[in-house]
Each structure stands twice: as structure tokens, then as C-alpha cells.
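The data block below is protein_7.txt; it holds compact mmCIF, C-alpha atoms and all ligand atoms.
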# COMPACT_ATOMS: atom_id res chain seq x y z
CA MET A 1 95.93 -32.99 -63.16
CA ASN A 2 95.46 -34.23 -59.62
CA ILE A 3 96.55 -31.39 -57.36
CA VAL A 4 96.74 -31.62 -53.58
CA VAL A 5 96.35 -28.29 -51.80
CA GLY A 6 97.71 -28.35 -48.27
CA VAL A 7 96.19 -25.67 -46.05
CA THR A 8 97.97 -24.96 -42.77
CA GLY A 9 96.89 -22.92 -39.78
CA GLY A 10 97.50 -19.24 -40.34
CA ILE A 11 95.12 -16.34 -40.71
CA ALA A 12 95.85 -16.31 -44.46
CA ALA A 13 94.12 -19.72 -44.67
CA TYR A 14 90.97 -17.92 -45.83
CA LYS A 15 92.85 -16.89 -48.97
CA ALA A 16 93.56 -20.56 -49.74
CA VAL A 17 89.94 -20.67 -50.90
CA ASN A 18 90.86 -18.48 -53.88
CA VAL A 19 93.92 -20.59 -54.65
CA ILE A 20 91.76 -23.73 -54.68
CA ARG A 21 89.14 -21.98 -56.82
CA GLY A 22 91.79 -20.83 -59.32
CA LEU A 23 93.12 -24.37 -59.69
CA VAL A 24 89.61 -25.84 -60.07
CA LEU A 25 88.68 -23.22 -62.69
CA ALA A 26 91.87 -24.08 -64.56
CA GLY A 27 90.38 -27.56 -64.94
CA HIS A 28 92.23 -29.50 -62.25
CA ASP A 29 91.02 -32.12 -59.79
CA VAL A 30 91.84 -30.52 -56.43
CA HIS A 31 92.09 -32.46 -53.16
CA VAL A 32 92.46 -30.41 -50.02
CA VAL A 33 94.43 -31.67 -47.04
CA ALA A 34 93.88 -29.24 -44.18
CA THR A 35 95.60 -29.33 -40.83
CA ASP A 36 93.48 -29.13 -37.66
CA ALA A 37 94.83 -25.62 -37.12
CA ALA A 38 93.77 -24.58 -40.64
CA LEU A 39 90.18 -25.57 -39.85
CA ARG A 40 90.17 -23.05 -37.01
CA PHE A 41 90.53 -20.34 -39.65
CA VAL A 42 88.42 -21.65 -42.53
CA GLY A 43 85.50 -24.07 -42.50
CA LYS A 44 85.61 -27.54 -44.00
CA PRO A 45 82.30 -27.00 -45.90
CA THR A 46 83.82 -23.99 -47.65
CA LEU A 47 86.89 -25.96 -48.69
CA GLU A 48 84.74 -28.89 -49.83
CA ALA A 49 82.34 -26.72 -51.83
CA ILE A 50 85.13 -24.85 -53.57
CA SER A 51 87.36 -27.88 -54.23
CA ARG A 52 84.36 -30.07 -55.18
CA ASN A 53 85.98 -32.93 -53.24
CA ILE A 54 85.98 -34.26 -49.69
CA VAL A 55 88.51 -32.48 -47.49
CA HIS A 56 90.92 -34.71 -45.58
CA THR A 57 92.34 -33.81 -42.18
CA ASP A 58 92.61 -36.84 -39.98
CA LEU A 59 95.53 -39.23 -40.24
CA TYR A 60 93.41 -42.01 -38.73
CA GLU A 61 90.47 -41.75 -41.13
CA GLY A 62 90.31 -44.01 -44.18
CA VAL A 63 93.01 -46.26 -42.78
CA ALA A 64 91.68 -49.26 -44.71
CA GLU A 65 92.46 -47.49 -47.98
CA VAL A 66 95.87 -46.42 -46.64
CA ARG A 67 94.89 -42.81 -47.17
CA HIS A 68 97.97 -41.38 -45.46
CA VAL A 69 100.04 -42.44 -48.48
CA ALA A 70 97.36 -42.75 -51.18
CA ILE A 71 96.71 -39.01 -51.44
CA GLY A 72 100.39 -38.20 -51.94
CA GLN A 73 100.97 -41.08 -54.35
CA ALA A 74 98.12 -39.93 -56.59
CA ALA A 75 99.20 -36.27 -56.66
CA ASP A 76 100.76 -34.66 -59.74
CA LEU A 77 101.46 -31.49 -57.77
CA ILE A 78 101.31 -30.43 -54.12
CA VAL A 79 100.63 -26.79 -53.29
CA ILE A 80 100.81 -25.67 -49.66
CA ALA A 81 99.12 -22.32 -49.13
CA PRO A 82 99.47 -20.78 -46.70
CA ALA A 83 102.58 -22.47 -45.35
CA THR A 84 103.14 -21.33 -41.76
CA ALA A 85 106.56 -21.13 -40.10
CA ASN A 86 105.67 -24.27 -38.15
CA SER A 87 104.59 -26.26 -41.20
CA ILE A 88 107.73 -25.15 -43.09
CA ALA A 89 109.85 -26.40 -40.17
CA LYS A 90 108.01 -29.72 -40.21
CA LEU A 91 108.46 -30.08 -43.98
CA ALA A 92 112.18 -29.30 -43.71
CA ALA A 93 112.58 -31.90 -40.97
CA GLY A 94 110.48 -34.45 -42.86
CA LEU A 95 108.01 -34.89 -40.03
CA ALA A 96 104.91 -36.96 -40.60
CA ASP A 97 102.81 -36.39 -37.50
CA ASP A 98 99.75 -35.31 -39.47
CA LEU A 99 98.06 -36.15 -42.77
CA LEU A 100 99.76 -33.35 -44.70
CA GLY A 101 103.24 -34.44 -43.54
CA ASN A 102 102.49 -38.02 -44.60
CA THR A 103 101.08 -36.87 -47.92
CA VAL A 104 104.22 -34.89 -48.75
CA LEU A 105 106.59 -37.71 -47.76
CA ALA A 106 104.61 -40.29 -49.71
CA SER A 107 104.67 -38.23 -52.89
CA ARG A 108 107.10 -37.86 -55.77
CA ALA A 109 105.20 -34.83 -57.12
CA PRO A 110 106.72 -31.35 -57.22
CA VAL A 111 105.93 -29.23 -54.16
CA VAL A 112 105.09 -25.53 -54.19
CA ILE A 113 104.77 -23.60 -50.94
CA ALA A 114 103.43 -20.09 -50.34
CA PRO A 115 104.70 -18.93 -46.93
CA ALA A 116 102.69 -16.53 -44.78
CA MET A 117 103.79 -15.28 -41.37
CA HIS A 118 104.96 -12.19 -39.55
CA THR A 119 108.17 -10.59 -40.76
CA GLU A 120 110.13 -11.54 -37.62
CA MET A 121 109.20 -15.20 -38.10
CA TRP A 122 110.03 -15.11 -41.84
CA GLN A 123 113.43 -13.55 -41.12
CA HIS A 124 114.24 -15.79 -38.14
CA PRO A 125 117.40 -17.83 -38.84
CA ALA A 126 115.45 -21.05 -38.23
CA THR A 127 112.92 -20.20 -40.97
CA VAL A 128 115.64 -18.90 -43.31
CA HIS A 129 117.49 -22.20 -42.86
CA ASN A 130 114.34 -24.28 -43.36
CA ILE A 131 113.48 -22.43 -46.58
CA ASP A 132 117.06 -23.01 -47.85
CA VAL A 133 116.68 -26.72 -47.08
CA LEU A 134 113.36 -26.92 -48.94
CA ARG A 135 114.71 -24.97 -51.93
CA SER A 136 117.73 -27.27 -52.12
CA ARG A 137 115.27 -30.17 -52.37
CA GLY A 138 113.59 -28.52 -55.34
CA VAL A 139 110.60 -27.08 -53.54
CA THR A 140 109.27 -23.93 -55.28
CA VAL A 141 108.70 -21.05 -52.87
CA VAL A 142 106.17 -18.45 -54.00
CA GLY A 143 106.43 -15.15 -52.15
CA PRO A 144 105.91 -14.07 -49.49
CA ALA A 145 104.82 -10.63 -50.64
CA VAL A 146 105.68 -7.44 -48.81
CA GLY A 147 102.70 -5.60 -47.39
CA GLN A 148 100.16 -5.23 -44.65
CA LEU A 149 100.22 -8.14 -42.17
CA THR A 150 97.48 -9.24 -39.80
CA GLY A 151 98.18 -6.69 -37.10
CA ALA A 152 99.16 -3.06 -37.55
CA ASP A 153 102.57 -4.07 -38.89
CA SER A 154 103.64 -4.52 -42.48
CA GLY A 155 106.66 -6.04 -44.22
CA PRO A 156 107.69 -9.28 -45.91
CA GLY A 157 105.53 -12.21 -44.82
CA ARG A 158 102.18 -11.54 -46.44
CA LEU A 159 100.78 -14.44 -48.47
CA GLU A 160 101.38 -13.90 -52.19
CA GLU A 161 98.22 -13.04 -54.13
CA PRO A 162 96.17 -16.20 -54.88
CA ASP A 163 96.29 -15.61 -58.68
CA GLU A 164 100.06 -15.44 -58.54
CA ILE A 165 100.24 -18.64 -56.43
CA VAL A 166 98.03 -20.45 -58.96
CA ARG A 167 100.15 -19.20 -61.86
CA ALA A 168 103.45 -20.14 -60.19
CA ALA A 169 102.09 -23.56 -59.18
CA LEU A 170 100.85 -24.40 -62.66
CA ALA A 171 104.12 -23.13 -64.13
CA VAL A 172 105.85 -26.00 -62.32
CA LEU A 173 103.91 -28.41 -64.54
CA GLU A 174 104.84 -26.64 -67.80
CA PRO A 175 107.26 -28.31 -70.21
CA LYS A 176 110.75 -26.93 -69.55
CA ASP A 177 111.56 -26.57 -73.23
CA LEU A 178 113.19 -23.13 -73.01
CA VAL A 179 115.88 -23.94 -70.44
CA GLY A 180 119.13 -22.22 -71.39
CA ARG A 181 117.38 -19.84 -73.82
CA ARG A 182 117.51 -16.09 -73.33
CA ILE A 183 114.34 -14.33 -74.37
CA LEU A 184 113.89 -10.61 -74.80
CA VAL A 185 110.31 -9.34 -74.81
CA SER A 186 109.03 -5.81 -75.32
CA ALA A 187 105.59 -4.98 -73.96
CA GLY A 188 103.24 -2.04 -73.48
CA GLY A 189 102.94 1.03 -75.63
CA THR A 190 105.37 3.86 -76.24
CA ARG A 191 104.40 7.46 -75.48
CA GLU A 192 105.73 10.53 -77.20
CA ALA A 193 105.85 13.66 -75.08
CA LEU A 194 104.22 16.82 -76.41
CA ASP A 195 105.02 18.92 -73.37
CA PRO A 196 105.76 18.13 -69.70
CA VAL A 197 102.19 16.96 -69.07
CA ARG A 198 100.91 15.46 -72.34
CA TYR A 199 101.81 12.67 -74.69
CA LEU A 200 100.72 10.86 -77.85
CA GLY A 201 100.25 7.19 -77.07
CA ASN A 202 98.22 4.06 -77.67
CA ARG A 203 95.97 1.84 -75.59
CA SER A 204 98.33 -1.14 -75.19
CA SER A 205 98.34 -2.32 -71.55
CA GLY A 206 101.30 -4.68 -71.83
CA LYS A 207 99.21 -7.73 -70.80
CA GLN A 208 100.06 -9.91 -73.84
CA GLY A 209 103.77 -9.07 -73.64
CA LEU A 210 103.86 -9.79 -69.91
CA ALA A 211 101.99 -13.06 -70.47
CA LEU A 212 104.68 -14.05 -72.98
CA ALA A 213 107.43 -13.16 -70.53
CA ARG A 214 105.75 -15.14 -67.75
CA ALA A 215 105.18 -18.14 -69.99
CA ALA A 216 108.83 -18.08 -71.08
CA VAL A 217 109.99 -17.99 -67.43
CA ALA A 218 107.68 -20.91 -66.64
CA ARG A 219 109.28 -22.90 -69.47
CA GLY A 220 112.76 -22.31 -68.08
CA ALA A 221 113.97 -19.31 -70.11
CA GLU A 222 115.98 -16.41 -68.79
CA VAL A 223 113.77 -13.44 -69.58
CA THR A 224 114.34 -9.72 -70.00
CA LEU A 225 111.20 -7.64 -70.32
CA ILE A 226 111.38 -4.13 -71.67
CA GLY A 227 108.19 -2.45 -70.59
CA ALA A 228 106.89 0.72 -72.18
CA ASN A 229 104.45 2.37 -69.77
CA LEU A 230 103.15 -0.93 -68.44
CA GLU A 231 99.76 -0.92 -66.76
CA VAL A 232 100.50 -4.29 -65.17
CA GLN A 233 102.75 -5.38 -62.31
CA THR A 234 105.84 -7.39 -63.16
CA PRO A 235 107.08 -10.38 -61.14
CA ALA A 236 110.58 -10.74 -59.68
CA SER A 237 111.27 -13.81 -61.83
CA MET A 238 112.41 -11.72 -64.80
CA ARG A 239 114.71 -8.75 -65.46
CA VAL A 240 112.57 -5.70 -66.17
CA LEU A 241 113.62 -2.40 -67.74
CA HIS A 242 111.14 0.46 -68.04
CA VAL A 243 111.09 2.86 -70.97
CA GLY A 244 108.78 5.64 -72.10
CA SER A 245 109.30 6.75 -75.69
CA THR A 246 110.02 4.91 -78.93
CA LEU A 247 113.60 6.16 -79.02
CA GLU A 248 114.15 4.86 -75.47
CA LEU A 249 112.63 1.51 -76.42
CA ALA A 250 114.79 1.38 -79.55
CA ALA A 251 117.97 2.00 -77.53
CA ALA A 252 117.03 -0.58 -74.87
CA MET A 253 116.21 -3.21 -77.52
CA ARG A 254 119.42 -2.52 -79.42
CA ASP A 255 121.47 -2.98 -76.21
CA ALA A 256 119.72 -6.15 -75.08
CA ALA A 257 119.10 -7.92 -78.41
CA PRO A 258 122.66 -9.22 -79.07
CA GLU A 259 122.40 -11.37 -75.91
CA ALA A 260 119.04 -12.87 -76.83
CA ASP A 261 118.23 -16.15 -78.57
CA VAL A 262 114.67 -14.95 -79.17
CA VAL A 263 113.39 -11.38 -79.51
CA ILE A 264 109.64 -10.83 -79.24
CA MET A 265 108.44 -7.36 -80.15
CA ALA A 266 105.01 -7.26 -78.53
CA ALA A 267 105.10 -3.53 -77.72
CA ALA A 268 102.81 -1.18 -79.63
CA VAL A 269 105.17 1.43 -80.95
CA ALA A 270 104.31 5.04 -81.82
CA ASP A 271 105.26 5.45 -85.47
CA TYR A 272 105.66 9.22 -85.16
CA ARG A 273 106.81 11.65 -82.49
CA PRO A 274 106.41 15.42 -82.21
CA GLU A 275 109.22 17.18 -84.03
CA SER A 276 109.85 19.28 -80.93
CA VAL A 277 108.76 18.86 -77.33
CA ALA A 278 107.54 22.06 -75.66
CA GLU A 279 109.59 22.95 -72.58
CA ALA A 280 106.52 24.32 -70.80
CA LYS A 281 102.85 23.36 -70.95
CA ILE A 282 101.26 24.30 -74.28
CA LYS A 283 98.69 27.04 -73.51
CA LYS A 284 95.42 27.67 -75.33
CA GLU A 285 96.00 31.43 -75.24
CA THR A 286 99.05 30.91 -77.42
CA THR A 287 97.78 28.15 -79.71
CA GLY A 288 94.28 29.55 -80.34
CA ASP A 289 91.40 27.60 -81.96
CA ARG A 290 93.50 25.15 -83.93
CA LEU A 291 96.65 23.32 -83.00
CA THR A 292 98.76 21.67 -85.68
CA LEU A 293 101.36 19.20 -84.55
CA GLU A 294 104.38 18.51 -86.73
CA LEU A 295 105.37 14.85 -86.36
CA VAL A 296 108.47 13.04 -87.54
CA LYS A 297 108.80 9.33 -88.22
CA ASN A 298 110.26 7.08 -85.55
CA PRO A 299 112.72 4.33 -86.45
CA ASP A 300 111.21 0.92 -87.13
CA ILE A 301 112.71 -1.03 -84.22
CA LEU A 302 111.61 -4.46 -85.40
CA ALA A 303 112.93 -3.97 -88.93
CA GLY A 304 116.25 -2.75 -87.44
CA LEU A 305 116.48 -5.84 -85.21
CA GLY A 306 115.84 -8.01 -88.27
CA GLU A 307 118.72 -6.38 -90.13
CA SER A 308 121.19 -6.75 -87.25
CA ARG A 309 120.06 -10.19 -86.06
CA GLY A 310 122.66 -12.58 -84.69
CA PRO A 311 123.18 -16.10 -86.07
CA GLY A 312 120.32 -18.41 -85.14
CA GLN A 313 118.40 -15.62 -83.44
CA ILE A 314 114.62 -15.90 -83.79
CA ILE A 315 112.69 -12.66 -84.18
CA VAL A 316 108.97 -12.50 -83.54
CA GLY A 317 106.95 -9.45 -84.56
CA PHE A 318 103.37 -8.49 -83.84
CA ALA A 319 100.90 -6.90 -86.18
CA ALA A 320 97.98 -4.97 -84.78
CA GLU A 321 95.39 -4.46 -87.50
CA THR A 322 91.81 -3.19 -87.54
CA GLU A 323 90.95 -5.00 -90.81
CA GLN A 324 87.78 -7.09 -90.31
CA ASP A 325 87.97 -9.33 -93.38
CA ARG A 326 90.09 -12.43 -92.66
CA ASP A 327 91.70 -12.70 -96.09
CA ALA A 328 92.52 -9.00 -96.16
CA LEU A 329 93.90 -9.30 -92.61
CA LEU A 330 96.15 -12.19 -93.65
CA ALA A 331 97.32 -10.24 -96.69
CA LEU A 332 98.33 -7.33 -94.44
CA GLY A 333 100.21 -9.75 -92.18
CA ARG A 334 102.01 -11.39 -95.11
CA ALA A 335 103.16 -8.02 -96.41
CA LYS A 336 104.24 -6.93 -92.93
CA ILE A 337 106.40 -9.97 -92.14
CA VAL A 338 108.31 -9.45 -95.36
CA ARG A 339 108.72 -5.73 -94.65
CA LYS A 340 109.92 -6.37 -91.10
CA GLY A 341 112.21 -9.31 -91.82
CA SER A 342 111.01 -11.31 -88.78
CA ASP A 343 110.78 -15.10 -88.57
CA LEU A 344 107.28 -15.19 -87.13
CA LEU A 345 104.51 -12.61 -87.08
CA VAL A 346 101.69 -12.69 -84.54
CA LEU A 347 98.72 -11.14 -86.25
CA ASN A 348 95.91 -9.85 -84.09
CA ARG A 349 92.90 -7.74 -84.71
CA VAL A 350 92.59 -4.63 -82.58
CA GLY A 351 89.81 -2.14 -82.30
CA TRP A 352 87.72 -0.15 -79.91
CA THR A 353 86.86 -3.29 -77.94
CA GLU A 354 89.38 -5.86 -79.19
CA GLY A 355 93.02 -6.61 -78.47
CA PHE A 356 94.18 -3.70 -76.31
CA GLY A 357 93.64 -3.93 -72.57
CA THR A 358 91.35 -6.98 -72.80
CA GLU A 359 91.87 -10.28 -70.95
CA GLY A 360 91.63 -12.47 -74.03
CA ASN A 361 93.15 -12.49 -77.48
CA THR A 362 92.80 -14.20 -80.84
CA VAL A 363 95.88 -14.53 -83.02
CA VAL A 364 97.17 -16.06 -86.21
CA VAL A 365 100.91 -16.72 -86.43
CA LEU A 366 102.54 -16.49 -89.84
CA ASP A 367 105.99 -17.54 -90.93
CA ARG A 368 108.18 -15.76 -93.43
CA LEU A 369 106.59 -17.59 -96.34
CA GLY A 370 103.24 -16.25 -95.22
CA ASP A 371 102.04 -19.70 -94.15
CA ILE A 372 99.84 -19.99 -91.07
CA VAL A 373 101.84 -21.94 -88.48
CA MET A 374 99.38 -21.60 -85.62
CA GLU A 375 96.07 -20.05 -84.62
CA ALA A 376 95.05 -19.52 -81.01
CA SER A 377 92.24 -17.98 -79.06
CA GLY A 378 91.75 -17.69 -75.31
CA SER A 379 93.28 -15.91 -72.34
CA LYS A 380 96.43 -13.93 -73.08
CA GLN A 381 98.33 -16.52 -71.01
CA THR A 382 97.02 -19.38 -73.17
CA VAL A 383 97.80 -17.45 -76.35
CA ALA A 384 101.32 -16.71 -75.00
CA ASP A 385 101.97 -20.41 -74.52
CA ARG A 386 100.84 -21.25 -78.04
CA ILE A 387 103.09 -18.51 -79.46
CA LEU A 388 106.02 -20.02 -77.53
CA ASP A 389 105.11 -23.44 -78.96
CA ALA A 390 105.65 -21.92 -82.41
CA VAL A 391 109.01 -20.49 -81.30
CA VAL A 392 110.10 -23.83 -79.82
CA ALA A 393 109.10 -25.57 -83.06
CA ARG A 394 111.54 -23.28 -84.91
CA PHE A 395 114.39 -24.30 -82.61
CA ALA A 396 113.63 -27.90 -83.44
N1 LIG A 401 107.23 -1.77 -84.60
C1 LIG A 401 108.52 -1.32 -84.36
N2 LIG A 401 108.84 -0.02 -84.58
C2 LIG A 401 107.93 0.85 -85.08
C3 LIG A 401 106.61 0.39 -85.35
C4 LIG A 401 106.29 -0.92 -85.09
O1 LIG A 401 109.35 -2.09 -83.92
N3 LIG A 401 108.27 2.11 -85.29
C5 LIG A 401 106.95 -3.19 -84.40
C6 LIG A 401 105.85 -3.51 -83.40
O2 LIG A 401 106.40 -3.72 -82.12
C7 LIG A 401 105.26 -4.78 -83.96
C8 LIG A 401 105.45 -4.64 -85.46
O3 LIG A 401 106.49 -3.68 -85.62
O4 LIG A 401 106.00 -5.91 -83.54
C9 LIG A 401 104.24 -4.18 -86.20
O5 LIG A 401 103.66 -3.06 -85.58
P1 LIG A 401 102.35 -2.43 -86.18
O6 LIG A 401 101.98 -1.25 -85.35
O7 LIG A 401 101.34 -3.49 -86.41
O8 LIG A 401 102.83 -2.00 -87.63
P2 LIG A 401 103.58 -0.75 -88.19
O9 LIG A 401 105.00 -1.08 -88.42
O10 LIG A 401 103.33 0.43 -87.32
O11 LIG A 401 102.90 -0.58 -89.63
P3 LIG A 401 101.47 0.06 -89.96
O12 LIG A 401 101.38 1.32 -89.19
O13 LIG A 401 101.55 0.28 -91.42
O14 LIG A 401 100.44 -0.94 -89.60

Since I need it in another form, could you write the structure as C-alpha cells?
Ligand code: CTP
Amino acid sequence: MNIVVGVTGGIAAYKAVNVIRGLVLAGHDVHVVATDAALRFVGKPTLEAISRNIVHTDLYEGVAEVRHVAIGQAADLIVIAPATANSIAKLAAGLADDLLGNTVLASRAPVVIAPAMHTEMWQHPATVHNIDVLRSRGVTVVGPAVGQLTGADSGPGRLEEPDEIVRAALAVLEPKDLVGRRILVSAGGTREALDPVRYLGNRSSGKQGLALARAAVARGAEVTLIGANLEVQTPASMRVLHVGSTLELAAAMRDAAPEADVVIMAAAVADYRPESVAEAKIKKETTGDRLTLELVKNPDILAGLGESRGPGQIIVGFAAETEQDRDALLALGRAKIVRKGSDLLVLNRVGWTEGFGTEGNTVVVLDRLGDIVMEASGSKQTVADRILDAVVARFA
């Protein structure tokens, strides 16, 4: 895609470098349009090296090739990061007194802005009004985040993290094939308390489940994420409920599932819990050299959801297996999807270094007949999108 990144003159302009880098690494052709003020904060050579293209600033350069409209006409997406209060006001008014203003007006591409300014400026009625105007025109506003600002102050106004800006910007280009669908995702790993300070748990971080939730939001779905001990931050674009144990997760899923068109059970669930939880810390003086724990079986949440599924509801299970042999792995998956009564099963290999907590994943998706409907490998975000492709195909 041809992406124009507009950089305007705020101290956060140095962070635009990471936004540009993220978009370039995602395989896009990035053209930077920087305002004069932006170049007081970050050097043109830096922007050119990172974007791998010439950086444009001057409205009166390249006049013969009608550059003031050509850049906008060629863009598939415009991302403005940081967007200062002044540049937001100019965008809202439709001013074209610089190259960026002309580029935006000459373009039919979606526009994403990431505001950055002091809290007082962000909350000023003029800025609030300008943001409303831009939103009503379909502009996507990412952030601002709440946190430390340039001076000693902190509050809303900090530029959203570059990774998040890249993700939100690219989400605008995603197919909107889940609009009107409600998707319930569980993520993370349940923990079963032994005493007030200890638990039995697993190494699931929640990254794959969160990636699914994010991908579903990007494709237009209304998403509820039930997170069991998530080690990742969740965005404001989805409803998030936090749970700890398997019984808590089971109750939350049971409550939320009737409303969902799709249920994705990505959480790693503890199959057993201690029969009793000690009220006080278990002490070595009392337990001695050996400690035997009595565990009782937890309910199978996924199988229960399968039994009580609503009409047309699609249920997606996961299977975490350590089996190394591909055929044996597939056989385990085929047996599991039948046992669980789900429509799709995402089979992934886990181990000491695979699956849990990692950035990437490799999965095979099976249907109820045991047929392979999709295989994917890559970042958890890429894998999430391919899994949703398989879900969308079932709606069709
Ligand atoms: N699951 C569940 N409730 C449980 C155990 C698992 O809902 N008590 C769900 C998981 O969220 C996952 C799927 O079932 O979607 C398979 O989980 P997995 O741990 O691979 O399988 P188990 O059911 O635990 O079976 P086994 O231990 O024999 O592999």
C-alpha cells in the first residue's frame, strides 16, 4: 500500500520515526510529508532513511508534477502522527496553506490521526470540537494516551505508542467483514489458588487471544474479551472482563456466550483445581518433606458451550499439544474437536519454547469432519487474521 505519513511540529515528532519504521517493516511504501515545524524536532535525513523515500515539505517544490495534489491522490492511507492541536484545527477547517493540508484535501484515502499535546490543549473546547468534526468525517483518532507529558505534568495528551498507531492505522485497511457480528474471545491462562500466595497455572500469556480480539475489532466486530491473568495490555476498543480461576472463567463465558455470534476459546484452562484452598499460607513445618495435593476436575468450558450453543453460533476451540509428529498431532486434534463439539479447532504445538508467550505461532485449523481448512504461520496477529478468515468462510 502507498501510505502517506504526515508529521507535524510537536515534541512527539521524534516518535513518528517508529511509526514510519513499523509501516515500512509491514511492507508498505511510505511517503513522509513533514511540516516545517516538524523538521525543527526531527531531521529530514532521519525521516528519509527510515521511510526509504524522499521527504516532502515544501508546497512550491515539484510544481511541474503538481505534487501538492499528486501525493494525496496516490495515497491509500494517510496517517498523521503526531497531530498537534494546530494541525488538527487546520484539518477540521480544511485549510491548505501547506503541503500536508493540500495532500489531505486532494485525497480520498482514509485518514488516521494520532494527537499529541498538553492536557489543557487536548481538553480545550476548540480542540474537542475539532476532533468531533474530524470524527464525523470518518477520520480515525488513535489515542492520545494518558501519561507523562513533555514537562513535569502528566495526563491525557501523550502520543499513543507507535506500535499501537501502526496497528490502528493498518486496521483501517482491513476488510470489514465482521461488521454487526458479536465475538466473544477468552484469552490467557487460568490459575487455581492453593493458598493466599500460590497457584497452579500455565504459561499462556494471552497474546494469541488478544491478537484475535484485536483482529476482530479491526474487521468491524463488537468484541468482548474475557482475560484470565493476562500478561498483555488490552485496548479500549473492546469490552474486557478479567477472571482468575477456571470456575470464574466458566461463569463469565456462560453469561456472555448467549449474546455472541462467535465464541473463541483461546484461553489455556487448568483441567484440575485443588480440592480445598488453604486459608493461610501452607507452611513447611506442617507439611514436612512431601506435599500431596488432592485435585478435582474442572468443568470443560468449551464442551459446555458446545452443548448450549445458540442457533447459528460458531464455536472455535484451541488445542495445545506437545506431540511432535504431524500425523499424530492431527489425530489428537481430530479426536478433540469431536469431544468438544466445536465447529473449528485451532491446533497448535506448544512446548518449552513453542506456543506460549512467544511472538509467533504456527497453527492448523480443523473442521468438525477433521478436514484441514487452513494452515498459518507467522506473527500471532497474522495467525489471528487467518483464523478469522476461516470463521468468516463459515458465515458464508
Ligand atoms: N478447555 C475448556 N475447559 C477445560 C479445558 C480446556 O474450555 N477444562 C478448552 C480450551 O480453552 C481449548 C480446548 O478446550 O479451547 C482444548 O484445550 P486443551 O488444553 O488443548 O485440551 P484439554 O481439554 O485440556 O484436553 P487434554 O488435557 O486431554 O489435552

Practice task
Please provide the set of residues having any atom within 8 Å of A:Ala85, restricted to all atoms listed in the file, with same-chain residues fewer than 3 positions apart removed, written as an NGL selection string.
Solution key: :A and (88-89 or 115-117 or 121-122 or 127)

Problem - Within 12 Å of A:Ile372 using all atoms listed in the file, minus same-chain residues under 6 positions, as a count of residues only - result: 13

Exercise for the section: Give the answer as one residue: which of A:Gln233, A:Thr190, A:Ser205, A:Thr46 has the shortest atom-to-atom distance to ligand LIG 401 (chain A), using all atoms listed in the file? Expected result: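 Among the listed residues, A:Thr190 lies closest to ligand LIG 401 (chain A).
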
Practice task
Please determine the residues with any atom at most 9 Å from (92.6, -11.5, -72.5) (coordinates as given in the file, with all atoms listed in the file counting) and report them as JSON, numbers by chain.
Solution key: {"A": [207, 208, 355, 356, 357, 358, 359, 360, 361, 362, 378, 379, 380, 381, 383]}

Handout entry: At most 6 Å from ligand LIG 401 (chain A) (only C-alpha atoms and all ligand atoms): residue list as a list in words
Key =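 Sorted by chain and then by number, the residues are Met265, Ala266, Ala267, Ala268, Val269, Asp271, Asn298, Pro299, Asp300, Ile301, Leu302, Gly317, Phe318, Ala319 and Ala320 of chain A.
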
Problem - For atom CA of A:Leu47 and atom CA of A:Ile80, the interatomic separation in Å (one decimal) - result: 14.0 Å

Exercise for the section: Select, from A:Ser245, A:Gln313, A:Thr353, A:Thr150, the residue with the minimum atom-to-atom distance to A:Arg181, counting all atoms listed in the file. Expected result: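 That would be A:Gln313, the residue with the smallest distance to A:Arg181.
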
Practice task
Might you pull out every residue within 8 Å of A:Glu174, with only C-alpha atoms counted and same-chain residues fewer than 4 positions away left off, and present them as a PyMOL selection string?
Solution key: chain A and resi 170+218-219

Practice task
Find, counting all atoms listed in the file, the residue in A:Leu230, A:Val142, A:Met238, A:Leu194 that gets nearest to A:Lys281.
Solution key: A:Leu194

Practice task
Could you please determine the separation between atom CA of A:Ile315 and atom CA of A:Ala257 in Å, to one decimal place?
Solution key: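 Spanning atom CA of A:Ile315 to atom CA of A:Ala257 is a straight-line distance of 9.8 Å.
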
Handout entry: Point-to-point distance in Å for atom CA of A:Ala12 and atom CA of A:Glu161
Key =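 Value for the atom CA of A:Glu161-atom CA of A:Ala12 distance: 10.5 Å.
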
Problem - From A:Ser136, A:Ser204, A:Thr8, A:Asn53, residue lying nearest A:Val24 [only C-alpha atoms] - result: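 Nearest candidate to A:Val24 out of A:Ser136, A:Ser204, A:Thr8, A:Asn53: A:Asn53.
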
Exercise for the section: Find, counting all atoms listed in the file, the residue in A:Ala216, A:Ala26, A:Leu77, A:Val197 that gets nearest to A:Arg386. Expected result: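 Checking each of A:Ala216, A:Ala26, A:Leu77, A:Val197 against A:Arg386, counting all atoms listed in the file, the winner is A:Ala216.
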
Handout entry: Pick from A:His118, A:Arg67, A:Arg290, A:Arg137 nearest to A:Leu91, counting only C-alpha atoms
Key = A:Arg137

Problem - Answer as a ChimeraX atom specification, residues within 8 Å of (105.9, -11.4, -64.9) using all atoms listed in the file - result: /A:210-211,213-214,233-238

Selection export as a compact mmCIF listing (two decimals), in the coordinates of the input, atoms kept: C-alpha atoms:
# COMPACT_ATOMS: atom_id res chain seq x y z
CA LEU A 210 103.86 -9.79 -69.91
CA ALA A 211 101.99 -13.06 -70.47
CA ALA A 213 107.43 -13.16 -70.53
CA ARG A 214 105.75 -15.14 -67.75
CA GLN A 233 102.75 -5.38 -62.31
CA THR A 234 105.84 -7.39 -63.16
CA PRO A 235 107.08 -10.38 -61.14
CA ALA A 236 110.58 -10.74 -59.68
CA SER A 237 111.27 -13.81 -61.83
CA MET A 238 112.41 -11.72 -64.80

Practice task
Write out as a list of chain:residue names which residues come within 12 Å of A:Ala70 when counting only C-alpha atoms, dropping same-chain ones fewer than 3 positions away.
Solution key: A:Val4, A:His31, A:His56, A:Leu59, A:Gly62, A:Val63, A:Ala64, A:Glu65, A:Val66, A:Arg67, A:Gln73, A:Ala74, A:Ala75, A:Leu99, A:Leu100, A:Asn102, A:Thr103, A:Val104, A:Leu105, A:Ala106, A:Ser107, A:Arg108

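Residues with any atom within 9 Å of A:Ile54, counting only C-alpha atoms and excluding same-chain neighbours fewer than 4 positions away, are His31, Val32, Lys44, Pro45, Leu47, Glu48 and Ala49 of chain A.
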
Resulting file, chosen residues, C-alpha atoms, as a PDB file, keeping the file's coordinate frame:
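Result file is result_17.pdb:
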ATOM      1  CA  HIS A  31      92.090 -32.460 -53.160  1.00  0.00           C
ATOM      2  CA  VAL A  32      92.460 -30.410 -50.020  1.00  0.00           C
ATOM      3  CA  LYS A  44      85.610 -27.540 -44.000  1.00  0.00           C
ATOM      4  CA  PRO A  45      82.300 -27.000 -45.900  1.00  0.00           C
ATOM      5  CA  LEU A  47      86.890 -25.960 -48.690  1.00  0.00           C
ATOM      6  CA  GLU A  48      84.740 -28.890 -49.830  1.00  0.00           C
ATOM      7  CA  ALA A  49      82.340 -26.720 -51.830  1.00  0.00           C
TER       8      ALA A  49
END
